[in-house]
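run-v6.pdb (PDB, C-alpha atoms)
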```
ATOM      1  CA  MET A  51       0.000   0.000   0.000
ATOM      2  CA  LYS A  52       1.335   3.421  -0.998
ATOM      3  CA  ASN A  53       1.049   6.577   1.067
ATOM      4  CA  LEU A  54      -0.483   9.445  -0.862
ATOM      5  CA  ILE A  55       0.746  12.918   0.002
ATOM      6  CA  ILE A  56      -1.071  15.994  -1.252
ATOM      7  CA  ILE A  57       1.038  19.087  -1.979
ATOM      8  CA  GLY A  58      -0.938  22.127  -0.832
ATOM      9  CA  ALA A  59      -3.301  22.166   2.162
ATOM     10  CA  ARG A  60      -5.378  25.183   1.215
ATOM     11  CA  GLY A  61      -8.875  25.165  -0.313
ATOM     12  CA  TYR A  62      -7.885  23.231  -3.415
ATOM     13  CA  GLY A  63      -5.845  20.767  -1.331
ATOM     14  CA  ARG A  64      -8.989  19.862   0.591
ATOM     15  CA  VAL A  65     -10.885  19.437  -2.708
ATOM     16  CA  ILE A  66      -8.204  17.053  -3.975
ATOM     17  CA  TYR A  67      -8.316  15.122  -0.675
ATOM     18  CA  ASN A  68     -11.989  14.452  -1.463
ATOM     19  CA  LEU A  69     -11.087  13.451  -5.028
ATOM     20  CA  ALA A  70      -8.517  11.000  -3.629
ATOM     21  CA  LEU A  71     -11.171   9.501  -1.305
ATOM     22  CA  ALA A  72     -13.525   8.940  -4.252
ATOM     23  CA  CYS A  73     -11.013   7.294  -6.608
ATOM     24  CA  GLN A  74     -10.740   3.551  -7.110
ATOM     25  CA  GLY A  75      -7.242   3.316  -5.697
ATOM     26  CA  TYR A  76      -8.231   4.588  -2.226
ATOM     27  CA  ASN A  77      -7.741   1.839   0.387
ATOM     28  CA  THR A  78      -6.600  -0.596  -2.302
ATOM     29  CA  GLU A  79      -3.528   1.089  -3.796
ATOM     30  CA  TYR A  80      -2.991   4.007  -1.433
ATOM     31  CA  ASN A  81      -3.925   5.552   1.869
ATOM     32  CA  ILE A  82      -3.804   9.299   2.392
ATOM     33  CA  LYS A  83      -0.930  10.255   4.673
ATOM     34  CA  GLY A  84      -1.411  14.019   4.749
ATOM     35  CA  PHE A  85      -0.479  17.335   3.216
ATOM     36  CA  LEU A  86       2.712  19.269   2.554
ATOM     37  CA  ASP A  87       2.377  23.013   3.068
ATOM     38  CA  ASP A  88       4.632  25.707   4.483
ATOM     39  CA  ASN A  89       1.724  26.883   6.608
ATOM     40  CA  THR A  90       1.468  24.130   9.233
ATOM     41  CA  ASP A  91      -1.681  25.787  10.657
ATOM     42  CA  ALA A  92      -3.494  25.489   7.314
ATOM     43  CA  MET A  93      -5.961  22.900   8.679
ATOM     44  CA  ASP A  94      -6.930  24.904  11.773
ATOM     45  CA  GLY A  95     -10.705  25.215  11.738
ATOM     46  CA  PHE A  96     -11.058  22.371   9.219
ATOM     47  CA  PRO A  97     -11.772  19.105  11.086
ATOM     48  CA  ASN A  98     -11.811  15.603   9.531
ATOM     49  CA  TYR A  99      -8.696  16.035   7.358
ATOM     50  CA  PRO A 100      -5.313  14.312   7.729
ATOM     51  CA  PRO A 101      -2.474  16.446   9.128
ATOM     52  CA  VAL A 102      -0.070  18.884   7.487
ATOM     53  CA  ILE A 103       3.173  16.874   7.700
ATOM     54  CA  SER A 104       5.734  19.568   6.855
ATOM     55  CA  SER A 105       6.669  22.014   4.140
ATOM     56  CA  VAL A 106       7.593  20.731   0.654
ATOM     57  CA  GLU A 107      11.087  22.183   1.126
ATOM     58  CA  THR A 108      11.885  20.223   4.307
ATOM     59  CA  TYR A 109      10.115  16.938   3.522
ATOM     60  CA  THR A 110      12.227  13.789   3.008
ATOM     61  CA  VAL A 111      10.624  11.413   0.483
ATOM     62  CA  GLN A 112       9.912   7.957   1.980
ATOM     63  CA  PRO A 113      10.032   4.678  -0.035
ATOM     64  CA  ASP A 114       6.235   4.122  -0.238
ATOM     65  CA  ASP A 115       5.284   7.759  -0.838
ATOM     66  CA  VAL A 116       3.339   8.872  -3.897
ATOM     67  CA  PHE A 117       2.342  12.469  -4.594
ATOM     68  CA  VAL A 118      -0.257  14.703  -6.194
ATOM     69  CA  CYS A 119      -0.042  18.481  -6.410
ATOM     70  CA  ALA A 120      -3.150  20.444  -5.428
ATOM     71  CA  LEU A 121      -2.082  23.927  -6.471
ATOM     72  CA  GLY A 122      -4.341  25.756  -8.893
ATOM     73  CA  GLU A 123      -1.789  27.994 -10.504
ATOM     74  CA  VAL A 124       0.587  26.561 -13.137
ATOM     75  CA  GLU A 125       3.733  28.331 -11.949
ATOM     76  CA  SER A 126       3.476  27.183  -8.321
ATOM     77  CA  LYS A 127       2.243  23.712  -9.319
ATOM     78  CA  LYS A 128       5.423  23.339 -11.380
ATOM     79  CA  LYS A 129       7.716  24.814  -8.728
ATOM     80  CA  TYR A 130       6.581  22.576  -5.862
ATOM     81  CA  SER A 131       6.100  19.423  -7.981
ATOM     82  CA  GLU A 132       9.638  19.790  -9.338
ATOM     83  CA  MET A 133      10.974  20.078  -5.779
ATOM     84  CA  ILE A 134       9.509  16.638  -5.036
ATOM     85  CA  LEU A 135      10.545  15.205  -8.429
ATOM     86  CA  ASN A 136      14.106  16.358  -7.727
ATOM     87  CA  LYS A 137      14.010  14.430  -4.432
ATOM     88  CA  GLY A 138      13.014  11.295  -6.380
ATOM     89  CA  GLY A 139       9.297  11.461  -5.508
ATOM     90  CA  GLU A 140       6.778   9.683  -7.733
ATOM     91  CA  PHE A 141       3.520  11.275  -8.886
ATOM     92  CA  ILE A 142       0.305   9.369  -9.544
ATOM     93  CA  SER A 143      -2.847  10.437 -11.390
ATOM     94  CA  LEU A 144      -6.265  10.573  -9.736
ATOM     95  CA  ILE A 145      -9.228   9.956 -12.030
ATOM     96  CA  HIS A 146     -12.708  10.351 -10.542
ATOM     97  CA  PRO A 147     -14.971   7.340 -11.289
ATOM     98  CA  THR A 148     -17.516   9.608 -13.045
ATOM     99  CA  ALA A 149     -14.861  11.061 -15.390
ATOM    100  CA  ASN A 150     -14.992   9.543 -18.841
ATOM    101  CA  VAL A 151     -11.756   8.781 -20.664
ATOM    102  CA  SER A 152     -12.631   7.543 -24.180
ATOM    103  CA  THR A 153     -10.966   4.989 -26.437
ATOM    104  CA  ASN A 154      -7.246   5.529 -27.093
ATOM    105  CA  SER A 155      -7.145   8.642 -24.935
ATOM    106  CA  VAL A 156      -4.093   8.711 -22.713
ATOM    107  CA  TYR A 157      -2.875  10.810 -19.818
ATOM    108  CA  GLY A 158       0.476  10.997 -18.067
ATOM    109  CA  LYS A 159       1.621  11.049 -14.441
ATOM    110  CA  GLY A 160       0.454  13.513 -11.825
ATOM    111  CA  CYS A 161      -2.860  14.342 -13.541
ATOM    112  CA  LEU A 162      -5.976  15.248 -11.559
ATOM    113  CA  ILE A 163      -9.138  14.489 -13.519
ATOM    114  CA  SER A 164     -12.198  15.537 -11.572
ATOM    115  CA  PHE A 165     -15.828  14.423 -11.563
ATOM    116  CA  ASN A 166     -17.842  14.518 -14.785
ATOM    117  CA  ALA A 167     -14.851  15.543 -16.892
ATOM    118  CA  PHE A 168     -15.204  14.129 -20.378
ATOM    119  CA  ILE A 169     -12.090  13.266 -22.382
ATOM    120  CA  SER A 170     -13.235  12.404 -25.882
ATOM    121  CA  ALA A 171     -11.687   9.830 -28.200
ATOM    122  CA  ASP A 172      -7.986   9.656 -29.110
ATOM    123  CA  ALA A 173      -6.946  12.651 -26.996
ATOM    124  CA  HIS A 174      -3.431  12.926 -25.612
ATOM    125  CA  ILE A 175      -2.972  14.532 -22.206
ATOM    126  CA  GLY A 176       0.530  15.115 -20.837
ATOM    127  CA  ASP A 177       1.915  14.981 -17.292
ATOM    128  CA  HIS A 178       0.734  17.040 -14.297
ATOM    129  CA  VAL A 179      -2.411  18.285 -16.036
ATOM    130  CA  THR A 180      -5.283  19.481 -13.849
ATOM    131  CA  ILE A 181      -8.748  18.890 -15.304
ATOM    132  CA  GLN A 182     -11.582  20.372 -13.258
ATOM    133  CA  PRO A 183     -15.215  19.152 -13.027
ATOM    134  CA  PHE A 184     -17.581  19.309 -16.028
ATOM    135  CA  THR A 185     -14.859  20.002 -18.574
ATOM    136  CA  MET A 186     -14.948  18.690 -22.118
ATOM    137  CA  VAL A 187     -11.724  17.804 -23.921
ATOM    138  CA  GLY A 188     -12.399  17.252 -27.631
ATOM    139  CA  HIS A 189     -11.412  14.224 -29.679
ATOM    140  CA  ASN A 190      -7.838  14.066 -31.007
ATOM    141  CA  SER A 191      -6.849  17.052 -28.912
ATOM    142  CA  VAL A 192      -3.371  17.344 -27.413
ATOM    143  CA  VAL A 193      -2.879  18.865 -23.958
ATOM    144  CA  GLY A 194       0.725  19.633 -22.953
ATOM    145  CA  ASN A 195       2.379  19.113 -19.579
ATOM    146  CA  TRP A 196       1.362  21.250 -16.568
ATOM    147  CA  CYS A 197      -1.799  22.647 -18.182
ATOM    148  CA  HIS A 198      -4.727  23.726 -16.013
ATOM    149  CA  LEU A 199      -8.261  23.306 -17.389
ATOM    150  CA  ASP A 200     -10.931  24.993 -15.254
ATOM    151  CA  THR A 201     -14.534  23.970 -14.710
ATOM    152  CA  HIS A 202     -16.944  24.036 -17.675
ATOM    153  CA  MET A 203     -14.267  24.858 -20.243
ATOM    154  CA  PHE A 204     -14.541  23.239 -23.666
ATOM    155  CA  LEU A 205     -11.837  22.209 -26.126
ATOM    156  CA  GLY A 206     -13.020  21.339 -29.639
ATOM    157  CA  GLY A 207     -11.647  18.451 -31.667
ATOM    158  CA  TYR A 208      -7.965  18.570 -32.679
ATOM    159  CA  VAL A 209      -7.210  21.493 -30.365
ATOM    160  CA  GLN A 210      -3.553  21.696 -29.347
ATOM    161  CA  LEU A 211      -2.456  23.168 -26.038
ATOM    162  CA  GLU A 212       1.293  23.504 -25.566
ATOM    163  CA  ASP A 213       2.864  23.169 -22.091
ATOM    164  CA  ASP A 214       1.899  25.434 -19.149
ATOM    165  CA  VAL A 215      -1.408  26.656 -20.599
ATOM    166  CA  THR A 216      -4.274  27.825 -18.365
ATOM    167  CA  ILE A 217      -7.849  27.746 -19.678
ATOM    168  CA  HIS A 218     -10.137  29.471 -17.201
ATOM    169  CA  THR A 219     -13.731  28.722 -16.264
ATOM    170  CA  GLY A 220     -16.246  28.441 -19.068
ATOM    171  CA  ALA A 221     -13.857  29.254 -21.922
ATOM    172  CA  ILE A 222     -14.351  27.702 -25.357
ATOM    173  CA  VAL A 223     -11.511  26.832 -27.729
ATOM    174  CA  HIS A 224     -12.692  26.355 -31.304
ATOM    175  CA  PRO A 225     -11.694  23.071 -33.041
ATOM    176  CA  HIS A 226      -8.206  22.846 -34.601
ATOM    177  CA  LYS A 227      -6.910  25.938 -32.765
ATOM    178  CA  LYS A 228      -3.517  26.047 -31.046
ATOM    179  CA  VAL A 229      -2.754  27.734 -27.758
ATOM    180  CA  GLY A 230       0.944  28.502 -27.321
ATOM    181  CA  LYS A 231       3.173  27.665 -24.360
ATOM    182  CA  GLY A 232       2.401  29.488 -21.128
ATOM    183  CA  ALA A 233      -0.657  31.295 -22.544
ATOM    184  CA  THR A 234      -3.774  32.085 -20.493
ATOM    185  CA  VAL A 235      -7.343  32.045 -21.797
ATOM    186  CA  GLY A 236      -9.640  34.137 -19.583
ATOM    187  CA  ALA A 237     -12.979  33.018 -18.146
ATOM    188  CA  GLY A 238     -15.740  32.761 -20.722
ATOM    189  CA  ALA A 239     -13.448  33.616 -23.642
ATOM    190  CA  VAL A 240     -14.235  32.190 -27.074
ATOM    191  CA  VAL A 241     -10.973  31.354 -28.846
ATOM    192  CA  LEU A 242     -11.456  31.519 -32.625
ATOM    193  CA  ARG A 243      -7.818  32.232 -33.552
ATOM    194  CA  ASN A 244      -4.561  30.624 -32.479
ATOM    195  CA  VAL A 245      -3.206  32.067 -29.240
ATOM    196  CA  LYS A 246       0.459  33.059 -29.191
ATOM    197  CA  GLU A 247       2.745  31.818 -26.427
ATOM    198  CA  TYR A 248       2.840  33.705 -23.118
ATOM    199  CA  THR A 249      -0.112  35.933 -24.023
ATOM    200  CA  THR A 250      -3.449  36.359 -22.243
ATOM    201  CA  VAL A 251      -6.624  36.490 -24.302
ATOM    202  CA  PHE A 252     -10.139  37.400 -23.203
ATOM    203  CA  GLY A 253     -13.602  38.026 -24.617
ATOM    204  CA  ASN A 254     -15.626  36.903 -27.611
ATOM    205  CA  PRO A 255     -13.870  36.688 -30.010
ATOM    206  CA  ALA A 256     -10.866  36.248 -27.695
ATOM    207  CA  MET A 257      -8.380  39.105 -28.050
ATOM    208  CA  LYS A 258      -5.023  39.827 -26.495
ATOM    209  CA  LEU A 259      -5.346  41.770 -23.240
ATOM    210  CA  LYS A 260      -3.693  45.079 -23.945
ATOM    211  CA  THR A 261      -1.137  46.371 -21.522
ATOM    212  CA  GLU A 262      -1.118  50.032 -22.587
TER     213      GLU A 262
ATOM    214  CA  MET B 776       3.926  47.923 -40.940
ATOM    215  CA  GLU B 777       5.227  45.728 -43.746
ATOM    216  CA  LEU B 778       2.945  44.425 -46.498
ATOM    217  CA  LYS B 779       4.744  41.063 -46.370
ATOM    218  CA  ASP B 780       3.983  40.657 -42.652
ATOM    219  CA  PHE B 781       0.370  41.741 -43.163
ATOM    220  CA  VAL B 782      -0.100  39.047 -45.831
ATOM    221  CA  GLN B 783       1.452  36.511 -43.452
ATOM    222  CA  ASN B 784      -0.851  37.530 -40.570
ATOM    223  CA  PHE B 785      -3.810  37.409 -42.967
ATOM    224  CA  ALA B 786      -2.849  33.890 -44.111
ATOM    225  CA  GLU B 787      -2.560  32.640 -40.521
ATOM    226  CA  GLN B 788      -6.304  33.146 -39.997
ATOM    227  CA  PHE B 789      -6.995  30.244 -42.355
ATOM    228  CA  ASP B 790      -6.787  26.623 -41.133
ATOM    229  CA  ASP B 791      -6.870  24.637 -44.364
ATOM    230  CA  THR B 792      -5.453  26.941 -47.048
ATOM    231  CA  ASP B 793      -1.725  26.762 -47.673
ATOM    232  CA  THR B 794       0.106  30.026 -46.933
ATOM    233  CA  SER B 795       1.727  29.867 -50.409
ATOM    234  CA  GLU B 796      -1.717  30.729 -51.859
ATOM    235  CA  PHE B 797      -1.629  34.169 -50.279
ATOM    236  CA  GLN B 798      -0.062  37.087 -52.156
ATOM    237  CA  ALA B 799      -0.630  40.824 -51.818
ATOM    238  CA  GLY B 800      -2.790  40.701 -54.948
ATOM    239  CA  THR B 801      -4.884  37.685 -53.871
ATOM    240  CA  ALA B 802      -8.636  38.332 -54.166
ATOM    241  CA  PHE B 803      -9.369  36.826 -50.763
ATOM    242  CA  ARG B 804     -13.100  36.263 -51.266
ATOM    243  CA  THR B 805     -12.288  33.724 -54.010
ATOM    244  CA  ILE B 806     -10.457  31.505 -51.489
ATOM    245  CA  LYS B 807     -12.629  28.452 -50.870
ATOM    246  CA  GLU B 808     -12.171  28.642 -47.101
ATOM    247  CA  TRP B 809     -13.297  32.291 -46.883
ATOM    248  CA  SER B 810     -16.277  32.674 -44.516
ATOM    249  CA  SER B 811     -17.866  35.204 -42.179
ATOM    250  CA  LEU B 812     -15.962  33.574 -39.308
ATOM    251  CA  VAL B 813     -12.646  34.127 -41.104
ATOM    252  CA  ALA B 814     -13.716  37.751 -41.704
ATOM    253  CA  LEU B 815     -14.330  38.149 -37.956
ATOM    254  CA  ASN B 816     -10.905  36.651 -37.271
ATOM    255  CA  ILE B 817      -9.276  39.094 -39.721
ATOM    256  CA  ILE B 818     -10.921  42.020 -37.871
ATOM    257  CA  ALA B 819      -9.671  40.610 -34.538
ATOM    258  CA  MET B 820      -6.160  40.034 -35.953
ATOM    259  CA  ILE B 821      -5.946  43.653 -37.194
ATOM    260  CA  ASP B 822      -7.056  44.905 -33.761
ATOM    261  CA  ASP B 823      -4.518  42.656 -31.972
ATOM    262  CA  GLU B 824      -1.546  43.250 -34.270
ATOM    263  CA  TYR B 825      -2.026  46.846 -35.443
ATOM    264  CA  ASN B 826      -4.310  48.326 -32.783
ATOM    265  CA  VAL B 827      -6.674  49.464 -35.539
ATOM    266  CA  GLN B 828     -10.435  48.837 -35.656
ATOM    267  CA  VAL B 829     -11.675  47.985 -39.130
ATOM    268  CA  LYS B 830     -15.348  47.443 -39.872
ATOM    269  CA  ALA B 831     -17.117  44.802 -41.938
ATOM    270  CA  GLU B 832     -17.576  47.584 -44.510
ATOM    271  CA  ASP B 833     -13.776  47.898 -44.846
ATOM    272  CA  ILE B 834     -13.555  44.185 -45.588
ATOM    273  CA  ARG B 835     -16.466  44.432 -48.065
ATOM    274  CA  SER B 836     -14.871  47.305 -49.963
ATOM    275  CA  SER B 837     -11.547  45.444 -50.323
ATOM    276  CA  THR B 838     -10.897  42.980 -53.098
ATOM    277  CA  THR B 839      -7.268  42.069 -52.530
ATOM    278  CA  ILE B 840      -5.240  41.677 -49.336
ATOM    279  CA  GLU B 841      -3.281  44.783 -50.338
ATOM    280  CA  ASP B 842      -6.540  46.826 -50.515
ATOM    281  CA  LEU B 843      -7.206  45.961 -46.882
ATOM    282  CA  TYR B 844      -3.570  46.651 -45.986
ATOM    283  CA  ASN B 845      -3.939  50.160 -47.422
ATOM    284  CA  ILE B 846      -7.083  50.782 -45.321
ATOM    285  CA  VAL B 847      -5.232  49.658 -42.175
ATOM    286  CA  LYS B 848      -2.232  51.811 -43.108
ATOM    287  CA  THR B 849      -4.445  54.893 -43.572
ATOM    288  CA  LYS B 850      -6.208  54.291 -40.235
ATOM    289  CA  MET B 851      -2.847  53.909 -38.481
ATOM    290  CA  GLN B 852      -1.849  57.369 -39.672
ATOM    291  CA  GLN B 853      -5.063  59.000 -38.430
TER     292      GLN B 853
END
```
Starting from the file, give its structure as structure tokens.
Amino acid sequence: MKNLIIIGARGYGRVIYNLALACQGYNTEYNIKGFLDDNTDAMDGFPNYPPVISSVETYTVQPDDVFVCALGEVESKKKYSEMILNKGGEFISLIHPTANVSTNSVYGKGCLISFNAFISADAHIGDHVTIQPFTMVGHNSVVGNWCHLDTHMFLGGYVQLEDDVTIHTGAIVHPHKKVGKGATVGAGAVVLRNVKEYTTVFGNPAMKLKTE
Amino acid sequence: MELKDFVQNFAEQFDDTDTSEFQAGTAFRTIKEWSSLVALNIIAMIDDEYNVQVKAEDIRSSTTIEDLYNIVKTKMQQ
């Protein structure tokens, strides 16, 4: 039996604890050991959760440990996951039993696929991808490593997301469109054109957020 | 603003038409993939890249890509 450790003990950490309880592997492949967070008081006022063990920085990886990262923002998810990867830690994926992963669709390590997410046929999802409830990932789409897909977002068929992309709540990406590395698509945006890397787009049709 | 770059940006709004089909003198409405959605994307591209707002009327009154380029160029100078 493995010991699952959740990185991040804030609001989203507690959500992912509940995801871990609901997944098939709970009590058969893993038990939940606790959280890593630099705020050791993070669970004060929240009963019924396992303890905060230590910070990510000071934690020593044990032989039976496995990890998931419950941080909602790509940059910090990457930073703290890489700290554990560099210490030799192994990440597992949690797939809620109501999530649908269709024929030939694959996902990597460290993914969190929440309830009622629908991954259509022949999609390819990388490592450490967070897929929130009620999302729809189109057939033949490619989702790069570290991406974050928020609730109710929709990717059409053959959409390509490069690494480190964030698609916020309720956004729609038109079929065949590409979203470049590190780009952000704002809530409710309708992406009709390719999105360039490291840009933020918003609105319908989605446009670059202007800085001037 | 370079005409060559404008043609390139114009061509990138199409999914299925090879970029080699796009020249300054291309009558864009004769391209099979041309649609109202592509027209909307052209308007959005011009706003994003050149900070200029063109109207559907500007697209309608243009025949070639260069015609539209000249409208954008004029609006940039205003």
Please identify every residue of chain A that has at least one atom no farther than 7 Å from an atom of chain B, counting all atoms listed in the file, and for each give the shortest atom pair and the distance in Å to one decimal, arranged by chain then increasing number, as CSV.
```
residue,atom,partner,partner_atom,distance
A:Leu242,CA,B:Asn816,CA,6.9
A:Arg243,CA,B:Asn816,CA,6.5
A:Met257,CA,B:Asp823,CA,6.6
A:Lys258,CA,B:Asp823,CA,6.2
```
**Request:** Can you pull out every residue within 9 Å of Gly139 (chain A), counting all atoms listed in the file, but drop anything in the same chain fewer than 4 positions away, and send it as number ranges by chain?
**Result:** A: 111-113, 115-117, 131, 133-135
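For Asp172 (chain A), the non-local neighbours within 12 Å, defined as residues at least 6 positions apart in the same chain or in other chains and counting all atoms listed in the file, are Val151, Ser152, Thr153, Asn154, Ser155, Val156, Tyr157, Val187, Gly188, His189, Asn190, Ser191, Val192, Val193, Gly207, Tyr208 and Val209 of chain A.
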**Request:** Given the file shown, enumerate the residues that the PyMOL selection byres ((chain A and resi 210) around 12) captures and present them as a PyMOL selection string.
**Result:** chain A and resi 173-176+187-195+197+205-209+211-213+215+223-231+244-245
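Among B:Gln798, B:Thr805, B:Ser811, B:Ser836, the residue with the shortest atom-to-atom distance to Phe781 (chain B), counting all atoms listed in the file, is B:Gln798.
Minimum distance to Ala92 (chain A) across A:Ile142, A:Ala59, A:Ile163, A:Cys119 (counting all atoms listed in the file) occurs at A:Ala59.
Atom pair CA of Phe141 (chain A) / CA of Ile56 (chain A): separated by 10.1 Å.
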**Separation of CA of Ala120 (chain A) from CA of Gly63 (chain A) in Å** = 4.9 Å
**Request:** Just the residues within 6 Å of Asp200 (chain A), please, counting only C-alpha atoms, with nothing from its chain fewer than 4 positions along; format it as JSON, numbers by chain.
**Result:** {"A": [182, 218, 219]}
**Message:** So that I can check the surroundings of Met203 (chain A), please list as a PyMOL selection string every protein, DNA and RNA residue that reaches within 10 Å of it, counting all atoms listed in the file and ignoring chain neighbours fewer than 3 positions away.
**Reply:** chain A and resi 167+181-187+199-200+217-223+237-239
**Request:** Run the PyMOL selection byres ((chain B and resi 838) around 10) mentally over the shown coordinates, then write out the matched residues as number ranges by chain, using the chain letters and numbers from the document.
**Result:** B: 800-805, 834-837, 839-843
**Fill in**
Taken to one decimal, the CA of Asp793 (chain B)-CA of Val829 (chain B) distance is 24.9 Å
Residues within 8 Å of (-1.9, 32.9, -48.8), file coords, all atoms listed in the file, listed as a PDB file with C-alpha atoms, in the frame of the given file:
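Once everything was written out, this is out_3.pdb:
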```pdb
ATOM      1  CA  VAL B 782      -0.100  39.047 -45.831  1.00  0.00           C
ATOM      2  CA  GLN B 783       1.452  36.511 -43.452  1.00  0.00           C
ATOM      3  CA  PHE B 785      -3.810  37.409 -42.967  1.00  0.00           C
ATOM      4  CA  ALA B 786      -2.849  33.890 -44.111  1.00  0.00           C
ATOM      5  CA  THR B 792      -5.453  26.941 -47.048  1.00  0.00           C
ATOM      6  CA  ASP B 793      -1.725  26.762 -47.673  1.00  0.00           C
ATOM      7  CA  THR B 794       0.106  30.026 -46.933  1.00  0.00           C
ATOM      8  CA  SER B 795       1.727  29.867 -50.409  1.00  0.00           C
ATOM      9  CA  GLU B 796      -1.717  30.729 -51.859  1.00  0.00           C
ATOM     10  CA  PHE B 797      -1.629  34.169 -50.279  1.00  0.00           C
ATOM     11  CA  GLN B 798      -0.062  37.087 -52.156  1.00  0.00           C
ATOM     12  CA  THR B 801      -4.884  37.685 -53.871  1.00  0.00           C
TER      13      THR B 801
END
```
**Prompt:** Do you know which residues are at most 12 Å from Tyr76 (chain A) counting only C-alpha atoms, after dropping those on the same chain fewer than 3 positions away, and could you put them as number ranges by chain?
**Reply:** A: 51-54, 67-73, 79-83, 144-147
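Residue selection for this entry, given the PyMOL selection byres ((chain A and resi 150) around 6), comprises Ala149, Val151, Phe168 and Ile169 of chain A.
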**Prompt:** Once you count only C-alpha atoms, which residues end up no further than 9 Å from (3.8, 46.3, -41.2) in the file's frame, shown as JSON, numbers by chain?
**Reply:** {"B": [776, 777, 778, 779, 780, 781, 825, 844, 848]}
